[in-house]
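So this one's upload04.pdb, PDB, C-alpha atoms (C1' of nucleotides):
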ATOM      1  CA  MET A   7      -8.827  21.668  77.443
ATOM      2  CA  THR A   8      -9.977  18.644  75.402
ATOM      3  CA  THR A   9      -7.500  16.965  73.149
ATOM      4  CA  ARG A  10      -9.893  17.064  70.206
ATOM      5  CA  THR A  11     -12.620  19.479  69.191
ATOM      6  CA  ALA A  12     -16.135  18.401  68.320
ATOM      7  CA  ALA A  13     -15.350  19.070  64.675
ATOM      8  CA  GLN A  14     -12.305  16.823  64.807
ATOM      9  CA  ARG A  15     -14.255  14.067  66.464
ATOM     10  CA  ARG A  16     -16.949  14.261  63.784
ATOM     11  CA  GLN A  17     -14.315  14.139  61.082
ATOM     12  CA  ASP A  18     -12.684  11.106  62.666
ATOM     13  CA  ALA A  19     -16.078   9.428  62.839
ATOM     14  CA  ARG A  20     -16.646  10.169  59.164
ATOM     15  CA  VAL A  21     -13.334   8.622  58.189
ATOM     16  CA  ALA A  22     -14.102   5.546  60.297
ATOM     17  CA  TYR A  23     -17.519   5.286  58.702
ATOM     18  CA  ASP A  24     -16.119   5.567  55.208
ATOM     19  CA  ALA A  25     -13.708   2.769  56.000
ATOM     20  CA  TYR A  26     -16.529   0.658  57.376
ATOM     21  CA  LEU A  27     -18.779   1.339  54.395
ATOM     22  CA  ALA A  28     -15.989   0.471  52.010
ATOM     23  CA  THR A  29     -16.000  -3.069  53.350
ATOM     24  CA  CYS A  30     -19.711  -3.453  54.109
ATOM     25  CA  PRO A  31     -21.125  -5.957  51.583
ATOM     26  CA  ALA A  32     -24.628  -4.481  51.540
ATOM     27  CA  ARG A  33     -23.230  -1.006  51.007
ATOM     28  CA  ARG A  34     -21.056  -2.151  48.117
ATOM     29  CA  LEU A  35     -23.924  -3.964  46.480
ATOM     30  CA  LEU A  36     -26.147  -0.905  46.791
ATOM     31  CA  ASP A  37     -23.451   1.220  45.216
ATOM     32  CA  ARG A  38     -23.270  -1.175  42.285
ATOM     33  CA  ILE A  39     -26.904  -1.720  41.497
ATOM     34  CA  SER A  40     -27.850   1.888  42.079
ATOM     35  CA  ASP A  41     -25.507   2.936  39.312
ATOM     36  CA  LYS A  42     -27.548   4.494  36.570
ATOM     37  CA  TRP A  43     -26.450   2.077  33.884
ATOM     38  CA  VAL A  44     -26.016  -1.143  35.864
ATOM     39  CA  SER A  45     -29.698  -1.840  36.332
ATOM     40  CA  LEU A  46     -30.378  -1.048  32.703
ATOM     41  CA  LEU A  47     -27.589  -3.311  31.480
ATOM     42  CA  LEU A  48     -28.537  -6.215  33.745
ATOM     43  CA  ASN A  49     -32.086  -5.870  32.529
ATOM     44  CA  ALA A  50     -30.985  -5.783  28.891
ATOM     45  CA  LEU A  51     -28.878  -8.910  29.368
ATOM     46  CA  ALA A  52     -31.607 -10.750  31.275
ATOM     47  CA  ASP A  53     -33.161 -11.789  27.956
ATOM     48  CA  GLY A  54     -29.914 -13.224  26.665
ATOM     49  CA  PRO A  55     -26.406 -12.253  25.552
ATOM     50  CA  GLN A  56     -25.815  -9.226  23.396
ATOM     51  CA  ARG A  57     -22.950  -7.714  21.499
ATOM     52  CA  TYR A  58     -21.342  -4.424  22.477
ATOM     53  CA  SER A  59     -23.008  -2.568  19.647
ATOM     54  CA  ASP A  60     -26.365  -4.183  20.445
ATOM     55  CA  LEU A  61     -26.139  -2.969  24.015
ATOM     56  CA  SER A  62     -25.304   0.551  22.959
ATOM     57  CA  ARG A  63     -28.495   0.481  20.906
ATOM     58  CA  THR A  64     -30.679  -1.291  23.487
ATOM     59  CA  VAL A  65     -29.546   1.013  26.244
ATOM     60  CA  ALA A  66     -29.861   4.131  24.131
ATOM     61  CA  GLY A  67     -28.348   7.237  25.616
ATOM     62  CA  VAL A  68     -25.331   5.589  27.168
ATOM     63  CA  SER A  69     -21.957   6.963  26.147
ATOM     64  CA  GLN A  70     -19.195   4.642  24.954
ATOM     65  CA  LYS A  71     -17.184   5.528  28.007
ATOM     66  CA  MET A  72     -19.871   4.597  30.497
ATOM     67  CA  LEU A  73     -20.926   1.486  28.582
ATOM     68  CA  THR A  74     -17.392   0.118  28.577
ATOM     69  CA  GLN A  75     -16.691   1.225  32.124
ATOM     70  CA  THR A  76     -19.894  -0.315  33.488
ATOM     71  CA  LEU A  77     -19.426  -3.591  31.604
ATOM     72  CA  ARG A  78     -15.838  -3.846  32.901
ATOM     73  CA  THR A  79     -16.968  -3.391  36.474
ATOM     74  CA  LEU A  80     -19.729  -5.954  36.106
ATOM     75  CA  GLU A  81     -17.281  -8.373  34.520
ATOM     76  CA  ARG A  82     -14.809  -7.833  37.328
ATOM     77  CA  ASP A  83     -17.540  -8.483  39.882
ATOM     78  CA  GLY A  84     -18.342 -11.765  38.165
ATOM     79  CA  LEU A  85     -21.822 -10.658  37.109
ATOM     80  CA  VAL A  86     -21.316 -10.674  33.355
ATOM     81  CA  THR A  87     -19.128 -12.601  30.938
ATOM     82  CA  ARG A  88     -17.158 -11.064  28.112
ATOM     83  CA  THR A  89     -16.529 -13.304  25.128
ATOM     84  CA  VAL A  90     -14.189 -12.164  22.386
ATOM     85  CA  THR A  91     -14.438 -13.816  18.988
ATOM     86  CA  PRO A  92     -11.268 -13.027  16.991
ATOM     87  CA  ALA A  93     -12.273 -11.999  13.497
ATOM     88  CA  VAL A  94     -12.167  -8.950  11.291
ATOM     89  CA  PRO A  95     -13.782  -6.963  12.665
ATOM     90  CA  VAL A  96     -13.616  -8.420  16.140
ATOM     91  CA  ARG A  97     -16.822  -9.534  17.845
ATOM     92  CA  VAL A  98     -17.509  -9.258  21.571
ATOM     93  CA  ASP A  99     -20.507 -10.792  23.337
ATOM     94  CA  TYR A 100     -21.681  -9.968  26.826
ATOM     95  CA  GLY A 101     -23.945 -12.172  28.923
ATOM     96  CA  LEU A 102     -25.006 -12.784  32.493
ATOM     97  CA  THR A 103     -23.152 -15.252  34.694
ATOM     98  CA  PRO A 104     -25.118 -17.497  37.088
ATOM     99  CA  LEU A 105     -24.159 -14.982  39.758
ATOM    100  CA  GLY A 106     -25.607 -12.212  37.643
ATOM    101  CA  VAL A 107     -28.793 -14.205  37.135
ATOM    102  CA  SER A 108     -29.077 -14.749  40.882
ATOM    103  CA  LEU A 109     -29.190 -11.007  41.333
ATOM    104  CA  LEU A 110     -32.238 -10.571  39.117
ATOM    105  CA  PRO A 111     -34.767 -11.573  41.827
ATOM    106  CA  VAL A 112     -33.336  -8.906  44.118
ATOM    107  CA  MET A 113     -33.719  -6.314  41.384
ATOM    108  CA  ARG A 114     -37.226  -7.584  40.862
ATOM    109  CA  ALA A 115     -38.041  -7.201  44.587
ATOM    110  CA  ILE A 116     -36.934  -3.582  44.416
ATOM    111  CA  LYS A 117     -38.998  -3.004  41.305
ATOM    112  CA  ASP A 118     -42.031  -4.658  42.879
ATOM    113  CA  TRP A 119     -41.901  -2.571  46.038
ATOM    114  CA  ALA A 120     -41.468   0.570  43.981
ATOM    115  CA  GLU A 121     -44.408  -0.152  41.723
ATOM    116  CA  THR A 122     -46.629  -1.274  44.588
ATOM    117  CA  HIS A 123     -45.976   1.751  46.752
ATOM    118  CA  ILE A 124     -45.359   4.493  44.207
ATOM    119  CA  GLU A 125     -48.871   5.847  44.731
ATOM    120  CA  GLU A 126     -48.394   6.104  48.477
ATOM    121  CA  VAL A 127     -45.105   7.896  48.028
ATOM    122  CA  ALA A 128     -46.615  10.290  45.506
ATOM    123  CA  ALA A 129     -49.515  11.027  47.873
ATOM    124  CA  ALA A 130     -47.122  11.657  50.750
ATOM    125  CA  GLN A 131     -45.091  14.044  48.622
ATOM    126  CA  GLU A 132     -48.174  15.952  47.530
ATOM    127  CA  SER A 133     -49.410  16.303  51.081
ATOM    128  CA  TYR A 134     -45.968  17.380  52.258
ATOM    129  CA  ASP A 135     -45.607  19.974  49.530
ATOM    130  CA  ALA A 136     -49.094  21.306  50.216
ATOM    131  CA  GLN A 137     -48.230  21.872  53.863
ATOM    132  CA  VAL A 138     -44.993  23.597  53.013
ATOM    133  CA  ASN A 139     -46.825  25.922  50.625
ATOM    134  CA  ALA A 140     -49.470  26.685  53.207
ATOM    135  CA  GLN A 141     -46.841  27.647  55.734
ATOM    136  CA  GLU A 142     -45.088  29.881  53.260
ATOM    137  CA  ARG A 143     -48.310  31.820  52.702
ATOM    138  CA  HIS A 144     -48.538  32.468  56.420
ATOM    139  CA  SER A 145     -45.107  34.029  56.620
TER     140      SER A 145
ATOM    141  CA  MET B   3     -27.308  14.928   4.189
ATOM    142  CA  THR B   4     -29.074  13.633   7.275
ATOM    143  CA  THR B   5     -31.059  16.040   9.371
ATOM    144  CA  ARG B   6     -29.305  14.900  12.552
ATOM    145  CA  THR B   7     -25.824  13.621  13.227
ATOM    146  CA  ALA B   8     -25.123  10.463  15.207
ATOM    147  CA  ALA B   9     -23.988  12.637  18.099
ATOM    148  CA  GLN B  10     -27.240  14.548  18.071
ATOM    149  CA  ARG B  11     -29.263  11.384  17.995
ATOM    150  CA  ARG B  12     -27.367   9.972  20.977
ATOM    151  CA  GLN B  13     -27.901  13.193  22.872
ATOM    152  CA  ASP B  14     -31.614  13.102  22.126
ATOM    153  CA  ALA B  15     -31.716   9.517  23.333
ATOM    154  CA  ARG B  16     -29.968  10.509  26.525
ATOM    155  CA  VAL B  17     -32.476  13.274  27.203
ATOM    156  CA  ALA B  18     -35.339  10.898  26.541
ATOM    157  CA  TYR B  19     -33.789   8.323  28.862
ATOM    158  CA  ASP B  20     -33.299  10.857  31.607
ATOM    159  CA  ALA B  21     -36.944  11.825  31.311
ATOM    160  CA  TYR B  22     -37.981   8.199  31.436
ATOM    161  CA  LEU B  23     -35.761   7.442  34.418
ATOM    162  CA  ALA B  24     -37.114  10.460  36.262
ATOM    163  CA  THR B  25     -40.552   8.847  36.229
ATOM    164  CA  CYS B  26     -39.540   5.193  36.559
ATOM    165  CA  PRO B  27     -40.580   4.020  40.033
ATOM    166  CA  ALA B  28     -37.843   1.427  40.391
ATOM    167  CA  ARG B  29     -35.214   3.949  39.327
ATOM    168  CA  ARG B  30     -36.441   6.516  41.845
ATOM    169  CA  LEU B  31     -36.480   3.964  44.629
ATOM    170  CA  LEU B  32     -32.953   2.868  43.805
ATOM    171  CA  ASP B  33     -31.809   6.472  43.874
ATOM    172  CA  ARG B  34     -33.320   6.900  47.330
ATOM    173  CA  ILE B  35     -32.106   3.782  49.079
ATOM    174  CA  SER B  36     -28.681   3.894  47.506
ATOM    175  CA  ASP B  37     -28.083   7.265  49.121
ATOM    176  CA  LYS B  38     -25.224   6.883  51.554
ATOM    177  CA  TRP B  39     -27.202   8.027  54.593
ATOM    178  CA  VAL B  40     -30.663   6.673  53.791
ATOM    179  CA  SER B  41     -29.892   3.046  54.493
ATOM    180  CA  LEU B  42     -28.068   3.974  57.686
ATOM    181  CA  LEU B  43     -30.943   6.147  58.904
ATOM    182  CA  LEU B  44     -33.631   3.605  58.068
ATOM    183  CA  ASN B  45     -31.609   1.007  59.919
ATOM    184  CA  ALA B  46     -31.143   3.270  62.912
ATOM    185  CA  LEU B  47     -34.874   3.979  63.061
ATOM    186  CA  ALA B  48     -35.826   0.329  62.607
ATOM    187  CA  ASP B  49     -35.343  -0.219  66.341
ATOM    188  CA  GLY B  50     -37.632   2.648  67.262
ATOM    189  CA  PRO B  51     -37.944   6.445  67.107
ATOM    190  CA  GLN B  52     -35.015   8.680  67.857
ATOM    191  CA  ARG B  53     -34.414  12.363  68.399
ATOM    192  CA  TYR B  54     -32.388  14.451  65.999
ATOM    193  CA  SER B  55     -29.410  14.560  68.326
ATOM    194  CA  ASP B  56     -29.658  10.806  68.932
ATOM    195  CA  LEU B  57     -29.516  10.159  65.222
ATOM    196  CA  SER B  58     -26.500  12.378  64.771
ATOM    197  CA  ARG B  59     -24.783  10.255  67.412
ATOM    198  CA  THR B  60     -26.066   6.867  66.189
ATOM    199  CA  VAL B  61     -25.110   7.626  62.634
ATOM    200  CA  ALA B  62     -21.765   9.089  63.534
ATOM    201  CA  GLY B  63     -19.969  10.853  60.738
ATOM    202  CA  VAL B  64     -23.018  12.464  59.175
ATOM    203  CA  SER B  65     -22.924  16.236  58.871
ATOM    204  CA  GLN B  66     -25.831  18.339  60.118
ATOM    205  CA  LYS B  67     -26.591  19.339  56.589
ATOM    206  CA  MET B  68     -26.863  15.796  55.254
ATOM    207  CA  LEU B  69     -28.745  14.549  58.297
ATOM    208  CA  THR B  70     -31.388  17.234  57.942
ATOM    209  CA  GLN B  71     -31.513  16.968  54.171
ATOM    210  CA  THR B  72     -31.879  13.191  54.223
ATOM    211  CA  LEU B  73     -34.526  13.234  56.948
ATOM    212  CA  ARG B  74     -36.505  15.859  55.032
ATOM    213  CA  THR B  75     -36.483  13.766  51.884
ATOM    214  CA  LEU B  76     -37.538  10.649  53.763
ATOM    215  CA  GLU B  77     -40.298  12.596  55.455
ATOM    216  CA  ARG B  78     -41.492  13.982  52.147
ATOM    217  CA  ASP B  79     -41.550  10.476  50.686
ATOM    218  CA  GLY B  80     -43.709   9.330  53.588
ATOM    219  CA  LEU B  81     -41.082   6.960  54.958
ATOM    220  CA  VAL B  82     -40.423   8.699  58.272
ATOM    221  CA  THR B  83     -42.461  10.886  60.606
ATOM    222  CA  ARG B  84     -41.242  14.093  62.182
ATOM    223  CA  THR B  85     -42.816  14.976  65.516
ATOM    224  CA  VAL B  86     -42.124  18.357  67.063
ATOM    225  CA  THR B  87     -42.724  18.792  70.783
ATOM    226  CA  PRO B  88     -42.851  22.517  71.570
ATOM    227  CA  ALA B  89     -40.729  23.172  74.631
ATOM    228  CA  VAL B  90     -37.579  25.007  75.586
ATOM    229  CA  PRO B  91     -35.506  23.756  74.047
ATOM    230  CA  VAL B  92     -37.636  22.221  71.310
ATOM    231  CA  ARG B  93     -37.684  18.439  70.904
ATOM    232  CA  VAL B  94     -38.017  16.631  67.574
ATOM    233  CA  ASP B  95     -38.551  12.896  67.204
ATOM    234  CA  TYR B  96     -38.156  10.889  64.039
ATOM    235  CA  GLY B  97     -39.678   7.477  63.424
ATOM    236  CA  LEU B  98     -40.574   5.084  60.643
ATOM    237  CA  THR B  99     -44.031   5.186  59.067
ATOM    238  CA  PRO B 100     -45.759   1.900  58.134
ATOM    239  CA  LEU B 101     -44.557   2.626  54.607
ATOM    240  CA  GLY B 102     -41.037   2.961  55.917
ATOM    241  CA  VAL B 103     -41.367  -0.303  57.806
ATOM    242  CA  SER B 104     -42.615  -2.045  54.648
ATOM    243  CA  LEU B 105     -39.350  -1.099  52.979
ATOM    244  CA  LEU B 106     -37.216  -2.895  55.552
ATOM    245  CA  PRO B 107     -37.694  -6.393  54.040
ATOM    246  CA  VAL B 108     -36.459  -5.077  50.695
ATOM    247  CA  MET B 109     -33.372  -3.636  52.364
ATOM    248  CA  ARG B 110     -32.944  -6.959  54.095
ATOM    249  CA  ALA B 111     -33.142  -8.832  50.778
ATOM    250  CA  ILE B 112     -30.377  -6.666  49.396
ATOM    251  CA  LYS B 113     -28.270  -7.203  52.485
ATOM    252  CA  ASP B 114     -28.855 -10.966  52.352
ATOM    253  CA  TRP B 115     -27.819 -11.290  48.737
ATOM    254  CA  ALA B 116     -24.741  -9.185  49.414
ATOM    255  CA  GLU B 117     -23.656 -11.236  52.396
ATOM    256  CA  THR B 118     -24.409 -14.550  50.711
ATOM    257  CA  HIS B 119     -22.497 -13.773  47.534
ATOM    258  CA  ILE B 120     -19.739 -11.472  48.730
ATOM    259  CA  GLU B 121     -17.252 -14.329  48.605
ATOM    260  CA  GLU B 122     -18.093 -15.148  45.019
ATOM    261  CA  VAL B 123     -17.737 -11.513  44.027
ATOM    262  CA  ALA B 124     -14.419 -11.201  45.839
ATOM    263  CA  ALA B 125     -13.152 -14.354  44.121
ATOM    264  CA  ALA B 126     -14.244 -13.053  40.722
ATOM    265  CA  GLN B 127     -12.452  -9.768  41.336
ATOM    266  CA  GLU B 128      -9.278 -11.508  42.389
ATOM    267  CA  SER B 129      -9.278 -13.728  39.345
ATOM    268  CA  TYR B 130     -10.009 -10.762  37.072
ATOM    269  CA  ASP B 131      -7.222  -8.682  38.558
ATOM    270  CA  ALA B 132      -4.788 -11.582  38.283
ATOM    271  CA  GLN B 133      -5.501 -11.920  34.570
ATOM    272  CA  VAL B 134      -5.101  -8.200  33.992
ATOM    273  CA  ASN B 135      -1.745  -8.260  35.776
ATOM    274  CA  ALA B 136      -0.599 -11.275  33.782
ATOM    275  CA  GLN B 137      -1.414  -9.529  30.522
ATOM    276  CA  GLU B 138       0.433  -6.411  31.572
ATOM    277  CA  ARG B 139       3.556  -8.445  32.181
ATOM    278  CA  HIS B 140       3.379  -9.752  28.620
ATOM    279  CA  SER B 141       3.320  -6.286  27.091
TER     280      SER B 141
ATOM    281  C1'  DC C  10     -16.443  -3.157  15.598
ATOM    282  C1'  DA C  11     -15.100  -2.295  20.028
ATOM    283  C1'  DG C  12     -12.958   0.133  22.312
ATOM    284  C1'  DT C  13      -9.090   4.072  24.603
ATOM    285  C1'  DA C  14      -7.578   8.786  25.862
ATOM    286  C1'  DT C  15      -8.472  13.431  26.968
ATOM    287  C1'  DC C  16     -10.656  17.517  28.444
ATOM    288  C1'  DC C  17     -14.316  19.764  30.692
ATOM    289  C1'  DC C  18     -18.026  20.835  33.630
ATOM    290  C1'  DT C  19     -21.676  20.064  36.699
ATOM    291  C1'  DC C  20     -23.523  18.576  40.900
ATOM    292  C1'  DA C  21     -23.438  16.491  45.353
ATOM    293  C1'  DT C  22     -21.166  16.608  49.609
ATOM    294  C1'  DG C  23     -18.887  18.560  53.414
ATOM    295  C1'  DA C  24     -16.890  22.358  56.353
ATOM    296  C1'  DT C  25     -17.948  26.479  58.561
ATOM    297  C1'  DA C  26     -20.596  29.921  60.637
ATOM    298  C1'  DC C  27     -24.859  31.626  62.269
ATOM    299  C1'  DT C  28     -30.044  31.408  64.494
ATOM    300  C1'  DG C  29     -34.974  30.884  66.681
TER     301       DG C  29
ATOM    302  C1'  DC D  16     -31.713  21.576  70.648
ATOM    303  C1'  DA D  17     -32.504  21.517  66.002
ATOM    304  C1'  DG D  18     -31.727  23.365  62.594
ATOM    305  C1'  DT D  19     -30.436  27.227  58.163
ATOM    306  C1'  DA D  20     -27.173  29.661  54.970
ATOM    307  C1'  DT D  21     -23.101  30.023  52.395
ATOM    308  C1'  DC D  22     -18.979  28.630  50.254
ATOM    309  C1'  DA D  23     -15.455  25.392  48.401
ATOM    310  C1'  DT D  24     -13.864  21.074  46.239
ATOM    311  C1'  DG D  25     -13.444  16.920  43.949
ATOM    312  C1'  DA D  26     -15.172  12.963  41.762
ATOM    313  C1'  DG D  27     -18.286  11.238  38.293
ATOM    314  C1'  DG D  28     -20.022  11.576  33.854
ATOM    315  C1'  DG D  29     -20.370  13.372  29.078
ATOM    316  C1'  DA D  30     -18.476  15.199  24.566
ATOM    317  C1'  DT D  31     -14.965  14.646  21.419
ATOM    318  C1'  DA D  32     -11.260  12.673  18.976
ATOM    319  C1'  DC D  33      -8.355   8.854  18.003
ATOM    320  C1'  DT D  34      -6.970   3.436  17.334
ATOM    321  C1'  DG D  35      -5.960  -1.843  16.660
TER     322       DG D  35
END
Final structure tokens representation of the file:
Amino acid sequence: MTTRTAAQRRQDARVAYDAYLATCPARRLLDRISDKWVSLLLNALADGPQRYSDLSRTVAGVSQKMLTQTLRTLERDGLVTRTVTPAVPVRVDYGLTPLGVSLLPVMRAIKDWAETHIEEVAAAQESYDAQVNAQERHS
Amino acid sequence: MTTRTAAQRRQDARVAYDAYLATCPARRLLDRISDKWVSLLLNALADGPQRYSDLSRTVAGVSQKMLTQTLRTLERDGLVTRTVTPAVPVRVDYGLTPLGVSLLPVMRAIKDWAETHIEEVAAAQESYDAQVNAQERHS
DNA sequence: CAGTATCCCTCATGATACTG
DNA sequence: CAGTATCATGAGGGATACTG
């Protein structure tokens, strides 16, 4: 009799992995920049600071909730600055920090690979799908 | 009377954005590599091909479902190869394609930025949290 | 203007059980 | 060994309404 079943061992491994991934810098960065709105916001701010309402127009389709939530996270991470100008009505400007700017080349590297190899990926997908279809006809 | 309300316009914009993002190469790549298991699998295969059962051990914590699902997607995208050796029992080897290998430097760039700037991010978070706490005490 | 608060619902993931 | 099929759940995201 083993003290733990295979299922329990796998579950333990998963918990350990989650803990590891929670602290892994690369993992955390990937989680951030892969967020639907993060890349769009960083891109929008790359050309210069913008107000909250400007961003909601530039990045059309984003809900107020997600815009605020995403900006807060980026601010907390030190990637964007939030500048409040007390007035009536209040004015808030968002802009990239030097840290945020330093991330742009990485985003660009991702974009470059994607655009360079998109054709190859598309071809691979087509060929894969064709084979799957062919096999289905034989069954 | 306008023909569309602000809510309708935002919804339309969201649909349009989703359609755009579905075709945007950089967006699609980000979606792939940000997948929890993709980066781990690519890393595991970077050192050479592995069998299905090897991968499930190397990448401990992954369920059969996600392992298979992720490998299928990577195969379809042309990033990994799947080689079946008919025998009893059957043997299946997975390995990186040249396309898959070409992606490794990009992953490395992400990892490098993360590890280089993790301290700055952590410091920013600490400072942010401290300010939030201070403000809560004043309310 | 720049948010906050709430409800709701979908979708991705994981556990479990079964198979050629 | 290398999967497939089915079910359950929970966290993320959107719509809506309200506020200093």
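Interface residues on chain B toward chain D (cut-off 8 Å, only C-alpha atoms (C1' of nucleotides)): B:Tyr54, B:Ser55, B:Thr70, B:Pro91, B:Val92, B:Arg93, B:Val94.
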Applied to this file, what does the PyMOL selection byres ((chain B and resi 122) around 12) return in terms of residues, put as a PDB file with C-alpha atoms, in the coordinates of the input?
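Once everything was written out, this is out23.pdb:
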ATOM      1  CA  PRO A  31     -21.125  -5.957  51.583  1.00  0.00           C
ATOM      2  CA  ARG A  82     -14.809  -7.833  37.328  1.00  0.00           C
ATOM      3  CA  ASP A  83     -17.540  -8.483  39.882  1.00  0.00           C
ATOM      4  CA  GLY A  84     -18.342 -11.765  38.165  1.00  0.00           C
ATOM      5  CA  LEU A  85     -21.822 -10.658  37.109  1.00  0.00           C
ATOM      6  CA  THR A 103     -23.152 -15.252  34.694  1.00  0.00           C
ATOM      7  CA  PRO A 104     -25.118 -17.497  37.088  1.00  0.00           C
ATOM      8  CA  LEU A 105     -24.159 -14.982  39.758  1.00  0.00           C
ATOM      9  CA  GLY A 106     -25.607 -12.212  37.643  1.00  0.00           C
ATOM     10  CA  SER A 108     -29.077 -14.749  40.882  1.00  0.00           C
TER      11      SER A 108
ATOM     12  CA  TRP B 115     -27.819 -11.290  48.737  1.00  0.00           C
ATOM     13  CA  ALA B 116     -24.741  -9.185  49.414  1.00  0.00           C
ATOM     14  CA  GLU B 117     -23.656 -11.236  52.396  1.00  0.00           C
ATOM     15  CA  THR B 118     -24.409 -14.550  50.711  1.00  0.00           C
ATOM     16  CA  HIS B 119     -22.497 -13.773  47.534  1.00  0.00           C
ATOM     17  CA  ILE B 120     -19.739 -11.472  48.730  1.00  0.00           C
ATOM     18  CA  GLU B 121     -17.252 -14.329  48.605  1.00  0.00           C
ATOM     19  CA  VAL B 123     -17.737 -11.513  44.027  1.00  0.00           C
ATOM     20  CA  ALA B 124     -14.419 -11.201  45.839  1.00  0.00           C
ATOM     21  CA  ALA B 125     -13.152 -14.354  44.121  1.00  0.00           C
ATOM     22  CA  ALA B 126     -14.244 -13.053  40.722  1.00  0.00           C
ATOM     23  CA  GLN B 127     -12.452  -9.768  41.336  1.00  0.00           C
ATOM     24  CA  GLU B 128      -9.278 -11.508  42.389  1.00  0.00           C
ATOM     25  CA  SER B 129      -9.278 -13.728  39.345  1.00  0.00           C
TER      26      SER B 129
END
Where does the PyMOL selection byres ((chain A and resi 43) around 10) land in this file, that is, which residues does it pick, as a short mmCIF file (atom, residue, chain, number, x, y, z; two decimals) with C-alpha atoms, in the coordinates of the input?
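The file below, expr.cif, is the result:
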data_model
loop_
_atom_site.label_atom_id
_atom_site.label_comp_id
_atom_site.auth_asym_id
_atom_site.auth_seq_id
_atom_site.Cartn_x
_atom_site.Cartn_y
_atom_site.Cartn_z
CA ARG A 38 -23.27 -1.18 42.28
CA ILE A 39 -26.90 -1.72 41.50
CA SER A 40 -27.85 1.89 42.08
CA ASP A 41 -25.51 2.94 39.31
CA LYS A 42 -27.55 4.49 36.57
CA VAL A 44 -26.02 -1.14 35.86
CA SER A 45 -29.70 -1.84 36.33
CA LEU A 46 -30.38 -1.05 32.70
CA LEU A 47 -27.59 -3.31 31.48
CA LEU A 48 -28.54 -6.22 33.74
CA ASN A 49 -32.09 -5.87 32.53
CA VAL A 65 -29.55 1.01 26.24
CA GLY A 67 -28.35 7.24 25.62
CA VAL A 68 -25.33 5.59 27.17
CA MET A 72 -19.87 4.60 30.50
CA LEU A 73 -20.93 1.49 28.58
CA GLN A 75 -16.69 1.23 32.12
CA THR A 76 -19.89 -0.32 33.49
CA LEU A 77 -19.43 -3.59 31.60
#
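What separates CA of Arg34 in chain A from CA of Ala52 in chain A is a distance of 21.7 Å.
Residue nearest chain B within the list A:Ala50, A:Val138, A:Val94, A:Ala115: A:Ala115 [criterion: smallest interatomic distance, all atoms listed in the file].
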Completion exercise
A straight line from CA of Met113 in chain A to CA of Ala28 in chain B spans 8.8 Å
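In this structure, CA of Ala93 in chain A sits 28.9 Å away from CA of Val107 in chain A.
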Problem - Hits from the PyMOL selection byres ((chain C and resi 24) around 10), listed as a PyMOL selection string - result: (chain A and resi 13+17) or (chain B and resi 65) or (chain C and resi 22-23+25-26) or (chain D and resi 22-23)
Please, could you write that set of residues out with C-alpha atoms (C1' of nucleotides) as a compact mmCIF listing (two decimals), in the frame of the given file?
# COMPACT_ATOMS: atom_id res chain seq x y z
CA ALA A 13 -15.35 19.07 64.68
CA GLN A 17 -14.32 14.14 61.08
CA SER B 65 -22.92 16.24 58.87
C1' DT C 22 -21.17 16.61 49.61
C1' DG C 23 -18.89 18.56 53.41
C1' DT C 25 -17.95 26.48 58.56
C1' DA C 26 -20.60 29.92 60.64
C1' DC D 22 -18.98 28.63 50.25
C1' DA D 23 -15.46 25.39 48.40
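Nearest to chain C of all the residues B:Thr60, B:Gln66, B:Thr25, B:Gln52 is B:Gln66, counting all atoms listed in the file.
Using all atoms listed in the file for every distance, the candidate list A:Tyr100, A:Thr87, A:Leu35, A:Asp60 yields A:Leu35 as the residue closest to Val112 in chain A.
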Given all atoms listed in the file, how would the per-residue table for chain C near chain A read, listing every residue at most 8 Å away with its closest atom pair and distance in Å to one decimal, sorted by chain and number, as CSV?
residue,atom,partner,partner_atom,distance
C:DC10,C1',A:Pro95,CA,5.5
C:DA11,C1',A:Tyr58,CA,7.0
C:DG12,C1',A:Thr74,CA,7.7
File dump, residues just selected, C-alpha atoms (C1' of nucleotides), as a CSV table (one decimal), in the frame of the given file:
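Done, and the output landed in selection.csv:
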chain,number,residue,atom,x,y,z
C,10,DC,C1',-16.4,-3.2,15.6
C,11,DA,C1',-15.1,-2.3,20.0
C,12,DG,C1',-13.0,0.1,22.3
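Minimum distance to chain B across A:Val86, A:Leu61, A:Ala25, A:Ala66 (counting all atoms listed in the file) occurs at A:Ala66.
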